[in-house]
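*Asks:* Sharing a structure, written as structure tokens. Questions coming.
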Protein chains: 2
Amino acid sequence: MPQLRKDPVTGRWIIISTERQLRPTDFREIKEDSEEDNNKFCPFDEGNEDKTPPEIYAVRNPQTLPNTPGWDVRVVSNKYPALRIEGPLGKKGIGPFDSMNGIGAHEIVIETPSHKDQMEDYPAEHLVKVISTYQERSLDLKKDSRFKYAVIFKNFGKEAGASLHHSHSQIIATPVTPKRVKEELAGSREYYEYKERCIFCDIIDTETEKQERIITTNQDFIAIAPFASMTPFEIWILPLNHNPDFDKMNDKERKNFADILRLVLKKLSIALKKPPYNFAFHSSPNRFLRPGYWQTIDKDYHWHLEIIPRVTNLGGFEWGTGFYINPTMPEDAAKFLREINV
Amino acid sequence: MPQLRKDPVTGRWIIISTERQLRPTDFREIKEDSEEDNNKFCPFDEGNEDKTPPEIYAVRNPQTLPNTPGWDVRVVSNKYPALRIEGPLGKKGIGPFDSMNGIGAHEIVIETPSHKDQMEDYPAEHLVKVISTYQERSLDLKKDSRFKYAVIFKNFGKEAGASLHHSHSQIIATPVTPKRVKEELAGSREYYEYKERCIFCDIIDTETEKQERIITTNQDFIAIAPFASMTPFEIWILPLNHNPDFDKMNDKERKNFADILRLVLKKLSIALKKPPYNFAFHSSPNRFLRPGYWQTIDKDYHWHLEIIPRVTNLGGFEWGTGFYINPTMPEDAAKFLREINV
């Protein structure tokens, strides 16, 4: 059973995932073994449905059965989950240390039956299906009262943590609210209490007036290089209309979100020659749990997607202080991306 | 002039270091270019003193002149500094965005005249000279009232962010207290207010009683695999006697610190086959600035060194949530390191 442990000084939770435990001598080999290889057997390819855990959800031809070919998008449990779905939370404290059982969900969204296509290559209508899959899974995971938060994220390229080449994203639901999420929620609430405005709406207004950090916009979304980008070419995509919940996007918004995401990923791929990247949806936490506590969140939080190209290495300064050194002006990154024709 | 920018949502500061600005097409080349190369010209070698900025401090033969051979440890300004030493803070706000000039210090500690020796190879008495250099520079930087914090850190290996092979560490002094440091100080203070004990002293007591996460100890120090390790084989070295300030270690403590650091780095090098790693000193902030504010820090904070081997890749989950997945039990890492004979 994996374990959640809390650092007693900073309050940061970590997951000790014993399922994936490795001997020390394995570490160097992992790196060498993670090269993308298009010829190797791939459990995510169409026809290999029996090589993954059973499917939890799929967008598929209604004539076909679960766990057979005929799908467009397929969600399965992670074969090596960081957290386990069964069991009680089992909270305990020993001296200054808090821990609990590693309860949670860890799902894989197999985004396409194609082994080679990457997210930027999908036709717009296919990306819409992937996004709606994210929404369905998010709404479903919120029904489990043990989970405080579910994060949907993607690792592309081995430097970004991807261990399989076949295009996929992941969903992890956790029994505690992650530190970074708490900080964002607290920061947004504090701003709202002071200004009675949403901080993200204010950011959109400032960026729209200034123009210099905008990468692209459409009817419902804006893509910017954020003012305090942690890394070169960091990108945020935000809905223009205030909305705390990613999973409440409607049909038209979903289509426009797929369009802007596709465009931004294509621009990034051209600009930095297919860089490894991570993205993560930042959306409101599971409010079914503590409705009173979240009474202002409809007004103060604003969902968005953060994309981090992995083009620089973190060093001891970043690890030691949480301060990031970014060698590229966000204004220059935005201009460069804006001017790329797709 | 580099710029400091604050993320308006989370309050995290970042440094935009325009001095190091790169064109987008440069990013992929950096990676390929950073291979260690023992045959290339090295500005840190003895005899090449004129190829670095002038020395700020050195441990050298008293018969020799600054910026000539004859030194054991040498401190120079970084040729490509993330922050600049000259100028006013220039704080300003535009809409929701805060920024200030990138004022600070960025120094390189060239730890040895030898091109090949790494920190674990130094004789004990040489490592003592490196540590005392860290202390001298820390005390000196605290005299500048613009600097709130100085972090001393080391990047070893290119995956850990080192761009030169010749053994060196770095010091960055910043005009704002870094977020991670603030969190540690706040956590320690909160614990002290509640328990009237130092959280780190309590951790040492718990670890000493349990034994299972201890790697090694000596008369003045303990090395542990921390309870909530973020990464496999994370190591903390803490002084057994309560002390908030790294730079106030005395001669005997410095010698014992050099001994335990050397031993731990040797064990790590054997265990993980010379892994890339980062370390950073976590010590109290510049208290000359706001003496009243820090009145309890002598009691509640406890300096220590954190060592992070870079053996796993961060993914979108870590970037998006600040939650870390660690595949190795700290107890197993400690046992493995404990049993390695050096």
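Quick note on naming: the chains in the structure tokens go A, B, ... in the order shown, residues restart at 1 in each chain, and ligands are numbered from 1 in order of appearance.
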When the cut-off is 6 Å and we count only C-alpha atoms, which residues of chain A are near chain B, given as a PyMOL selection string?
*Replies:* chain A and resi 5-7+9-10+14-18+20-21+153-155+160-161+178-181+183-184+187-188+228+278-280+313-316+320-328
*Asks:* For B:Pro43, list every protein, DNA or RNA residue within 12 Å, evaluated using only C-alpha atoms, and leave out those in the same chain fewer than 5 positions away; present the list as a short mmCIF file (atom, residue, chain, number, x, y, z; two decimals) with C-alpha atoms, in the first residue's frame.
*Replies:*
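Okay, out-v2.cif is ready:
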data_model
loop_
_atom_site.label_atom_id
_atom_site.label_comp_id
_atom_site.auth_asym_id
_atom_site.auth_seq_id
_atom_site.Cartn_x
_atom_site.Cartn_y
_atom_site.Cartn_z
CA ASN B 48 43.75 30.65 -15.63
CA GLU B 49 42.90 33.15 -12.88
CA ASP B 50 42.74 36.01 -15.43
CA LYS B 51 39.92 34.23 -17.28
CA THR B 52 37.43 34.73 -14.41
CA PRO B 53 36.12 37.96 -12.88
CA VAL B 76 34.73 35.05 -7.91
CA ASN B 78 29.65 34.68 -11.72
CA LYS B 79 30.59 35.79 -15.24
CA ILE B 108 31.10 31.08 -7.65
CA ILE B 110 35.87 27.33 -7.04
CA PRO B 113 42.53 24.06 -8.14
CA SER B 114 42.27 20.44 -9.39
CA HIS B 115 40.18 20.03 -12.52
CA LEU B 164 31.11 23.25 -15.93
CA HIS B 165 32.74 20.03 -14.74
CA HIS B 166 35.37 21.68 -12.49
CA SER B 167 34.10 21.30 -8.93
CA HIS B 168 32.36 24.46 -7.76
#
*Asks:* I need the residue nearest B:Cys42 from this list: B:Lys195, B:Gln135, B:Lys116, B:Ser283. Use only C-alpha atoms for the distance.
*Replies:* B:Lys116
*Asks:* From a DSSP calculation on the backbone, collect every residue of stretch 95-325 of chain B in helix (DSSP H, G or I) and output the set as JSON, numbers by chain.
*Replies:* {"B": [119, 120, 121, 124, 125, 126, 127, 128, 129, 130, 131, 132, 133, 134, 135, 136, 137, 138, 139, 140, 141, 158, 159, 160, 179, 180, 181, 182, 183, 184, 185, 186, 187, 188, 189, 190, 191, 192, 193, 194, 195, 199, 200, 201, 202, 203, 204, 205, 206, 207, 208, 209, 210, 246, 247, 248, 251, 252, 253, 254, 255, 256, 257, 258, 259, 260, 261, 262, 263, 264, 265, 266, 267, 268, 269, 270, 271, 297, 298, 299, 300, 316, 317, 318, 319, 320, 321]}
*Asks:* Kindly save the residues from that selection, with C-alpha atoms included, as an mmCIF file, in the first residue's frame.
*Replies:*
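Output file result34.cif is given in full below:
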data_model
loop_
_atom_site.group_PDB
_atom_site.id
_atom_site.type_symbol
_atom_site.label_atom_id
_atom_site.label_comp_id
_atom_site.auth_asym_id
_atom_site.auth_seq_id
_atom_site.Cartn_x
_atom_site.Cartn_y
_atom_site.Cartn_z
ATOM 1 C CA MET B 119 33.913 17.186 -3.354
ATOM 2 C CA GLU B 120 33.881 13.615 -2.030
ATOM 3 C CA ASP B 121 37.542 13.212 -3.085
ATOM 4 C CA ALA B 124 39.150 16.293 5.127
ATOM 5 C CA GLU B 125 41.305 19.370 5.773
ATOM 6 C CA HIS B 126 40.592 20.715 2.282
ATOM 7 C CA LEU B 127 36.838 20.350 2.717
ATOM 8 C CA VAL B 128 37.164 22.303 5.990
ATOM 9 C CA LYS B 129 38.631 25.190 3.950
ATOM 10 C CA VAL B 130 35.662 25.076 1.542
ATOM 11 C CA ILE B 131 33.164 25.146 4.425
ATOM 12 C CA SER B 132 34.944 28.046 6.124
ATOM 13 C CA THR B 133 34.845 29.903 2.782
ATOM 14 C CA TYR B 134 31.065 29.418 2.680
ATOM 15 C CA GLN B 135 30.852 30.837 6.199
ATOM 16 C CA GLU B 136 33.022 33.869 5.419
ATOM 17 C CA ARG B 137 31.005 34.758 2.330
ATOM 18 C CA SER B 138 27.701 34.294 4.130
ATOM 19 C CA LEU B 139 28.776 36.616 6.969
ATOM 20 C CA ASP B 140 30.073 39.200 4.504
ATOM 21 C CA LEU B 141 26.902 39.213 2.372
ATOM 22 C CA LYS B 158 24.639 18.243 -15.981
ATOM 23 C CA GLU B 159 21.193 16.790 -15.110
ATOM 24 C CA ALA B 160 21.521 18.757 -11.857
ATOM 25 C CA LYS B 179 9.176 31.383 -0.789
ATOM 26 C CA ARG B 180 10.559 28.008 0.295
ATOM 27 C CA VAL B 181 12.624 29.691 3.040
ATOM 28 C CA LYS B 182 9.599 31.679 4.232
ATOM 29 C CA GLU B 183 7.559 28.481 4.449
ATOM 30 C CA GLU B 184 10.242 26.754 6.501
ATOM 31 C CA LEU B 185 10.607 29.721 8.835
ATOM 32 C CA ALA B 186 6.830 30.031 9.230
ATOM 33 C CA GLY B 187 6.444 26.284 9.856
ATOM 34 C CA SER B 188 9.214 26.278 12.468
ATOM 35 C CA ARG B 189 7.805 29.324 14.203
ATOM 36 C CA GLU B 190 4.294 27.902 14.285
ATOM 37 C CA TYR B 191 5.559 24.662 15.807
ATOM 38 C CA TYR B 192 7.585 26.569 18.382
ATOM 39 C CA GLU B 193 4.591 28.685 19.369
ATOM 40 C CA TYR B 194 2.532 25.537 19.892
ATOM 41 C CA LYS B 195 5.110 23.251 21.549
ATOM 42 C CA ILE B 199 10.766 21.195 15.265
ATOM 43 C CA PHE B 200 14.184 20.129 13.998
ATOM 44 C CA CYS B 201 15.342 19.187 17.517
ATOM 45 C CA ASP B 202 12.164 17.095 17.818
ATOM 46 C CA ILE B 203 12.893 15.444 14.466
ATOM 47 C CA ILE B 204 16.422 14.588 15.651
ATOM 48 C CA ASP B 205 15.026 13.107 18.889
ATOM 49 C CA THR B 206 12.441 11.007 17.045
ATOM 50 C CA GLU B 207 14.989 9.783 14.497
ATOM 51 C CA THR B 208 17.509 8.944 17.217
ATOM 52 C CA GLU B 209 14.926 6.895 19.057
ATOM 53 C CA LYS B 210 13.672 5.116 15.909
ATOM 54 C CA PHE B 246 25.299 27.870 9.602
ATOM 55 C CA ASP B 247 27.871 30.656 9.611
ATOM 56 C CA LYS B 248 28.290 30.476 13.403
ATOM 57 C CA ASP B 251 36.228 24.989 14.489
ATOM 58 C CA LYS B 252 35.342 21.612 15.982
ATOM 59 C CA GLU B 253 31.857 21.611 14.439
ATOM 60 C CA ARG B 254 33.268 22.631 11.068
ATOM 61 C CA LYS B 255 35.662 19.692 11.155
ATOM 62 C CA ASN B 256 32.906 17.256 12.115
ATOM 63 C CA PHE B 257 30.612 18.720 9.465
ATOM 64 C CA ALA B 258 33.289 18.231 6.803
ATOM 65 C CA ASP B 259 33.711 14.612 7.981
ATOM 66 C CA ILE B 260 30.021 13.728 7.795
ATOM 67 C CA LEU B 261 29.500 15.536 4.473
ATOM 68 C CA ARG B 262 32.443 13.707 2.930
ATOM 69 C CA LEU B 263 31.232 10.356 4.226
ATOM 70 C CA VAL B 264 27.663 10.891 3.032
ATOM 71 C CA LEU B 265 28.763 12.030 -0.448
ATOM 72 C CA LYS B 266 31.045 8.993 -0.757
ATOM 73 C CA LYS B 267 28.219 6.654 0.255
ATOM 74 C CA LEU B 268 25.855 8.317 -2.205
ATOM 75 C CA SER B 269 28.429 8.098 -4.975
ATOM 76 C CA ILE B 270 28.913 4.351 -4.368
ATOM 77 C CA ALA B 271 25.179 3.627 -3.905
ATOM 78 C CA ILE B 297 14.377 32.602 15.528
ATOM 79 C CA ASP B 298 17.275 31.724 17.816
ATOM 80 C CA LYS B 299 14.943 29.238 19.410
ATOM 81 C CA ASP B 300 12.738 28.046 16.575
ATOM 82 C CA GLY B 316 3.252 17.315 -14.738
ATOM 83 C CA PHE B 317 1.904 16.040 -11.440
ATOM 84 C CA GLU B 318 4.783 17.540 -9.474
ATOM 85 C CA TRP B 319 4.770 20.802 -11.476
ATOM 86 C CA GLY B 320 1.011 21.146 -11.282
ATOM 87 C CA THR B 321 0.444 20.305 -7.647
#
*Asks:* What is the distance between atom CA of B:Pro239 and atom CA of B:Ala225, in Å to one decimal?
*Replies:*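 Result for atom CA of B:Pro239 versus atom CA of B:Ala225: 14.7 Å, one decimal.
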*Asks:* A:Trp236, A:Tyr57, A:Phe41, A:Tyr293: which is nearest A:Pro309, counting only C-alpha atoms?
*Replies:* A:Trp236
*Asks:* Give me every strand (DSSP E or B) residue in stretch 4-158 of chain B, going by DSSP on the backbone, as a ChimeraX atom specification.
*Replies:* /B:4-6,13-16,55-60,71-77,84,92-94,97-101,103,105-110,149-156
*Asks:* Pick out the residues sitting within 6 Å of stretch 219-222 of chain B, and hand them over as JSON, numbers by chain; count only C-alpha atoms, and ignore anything fewer than 6 positions along from it in its own chain.
*Replies:* {"B": [237, 238, 239, 240]}
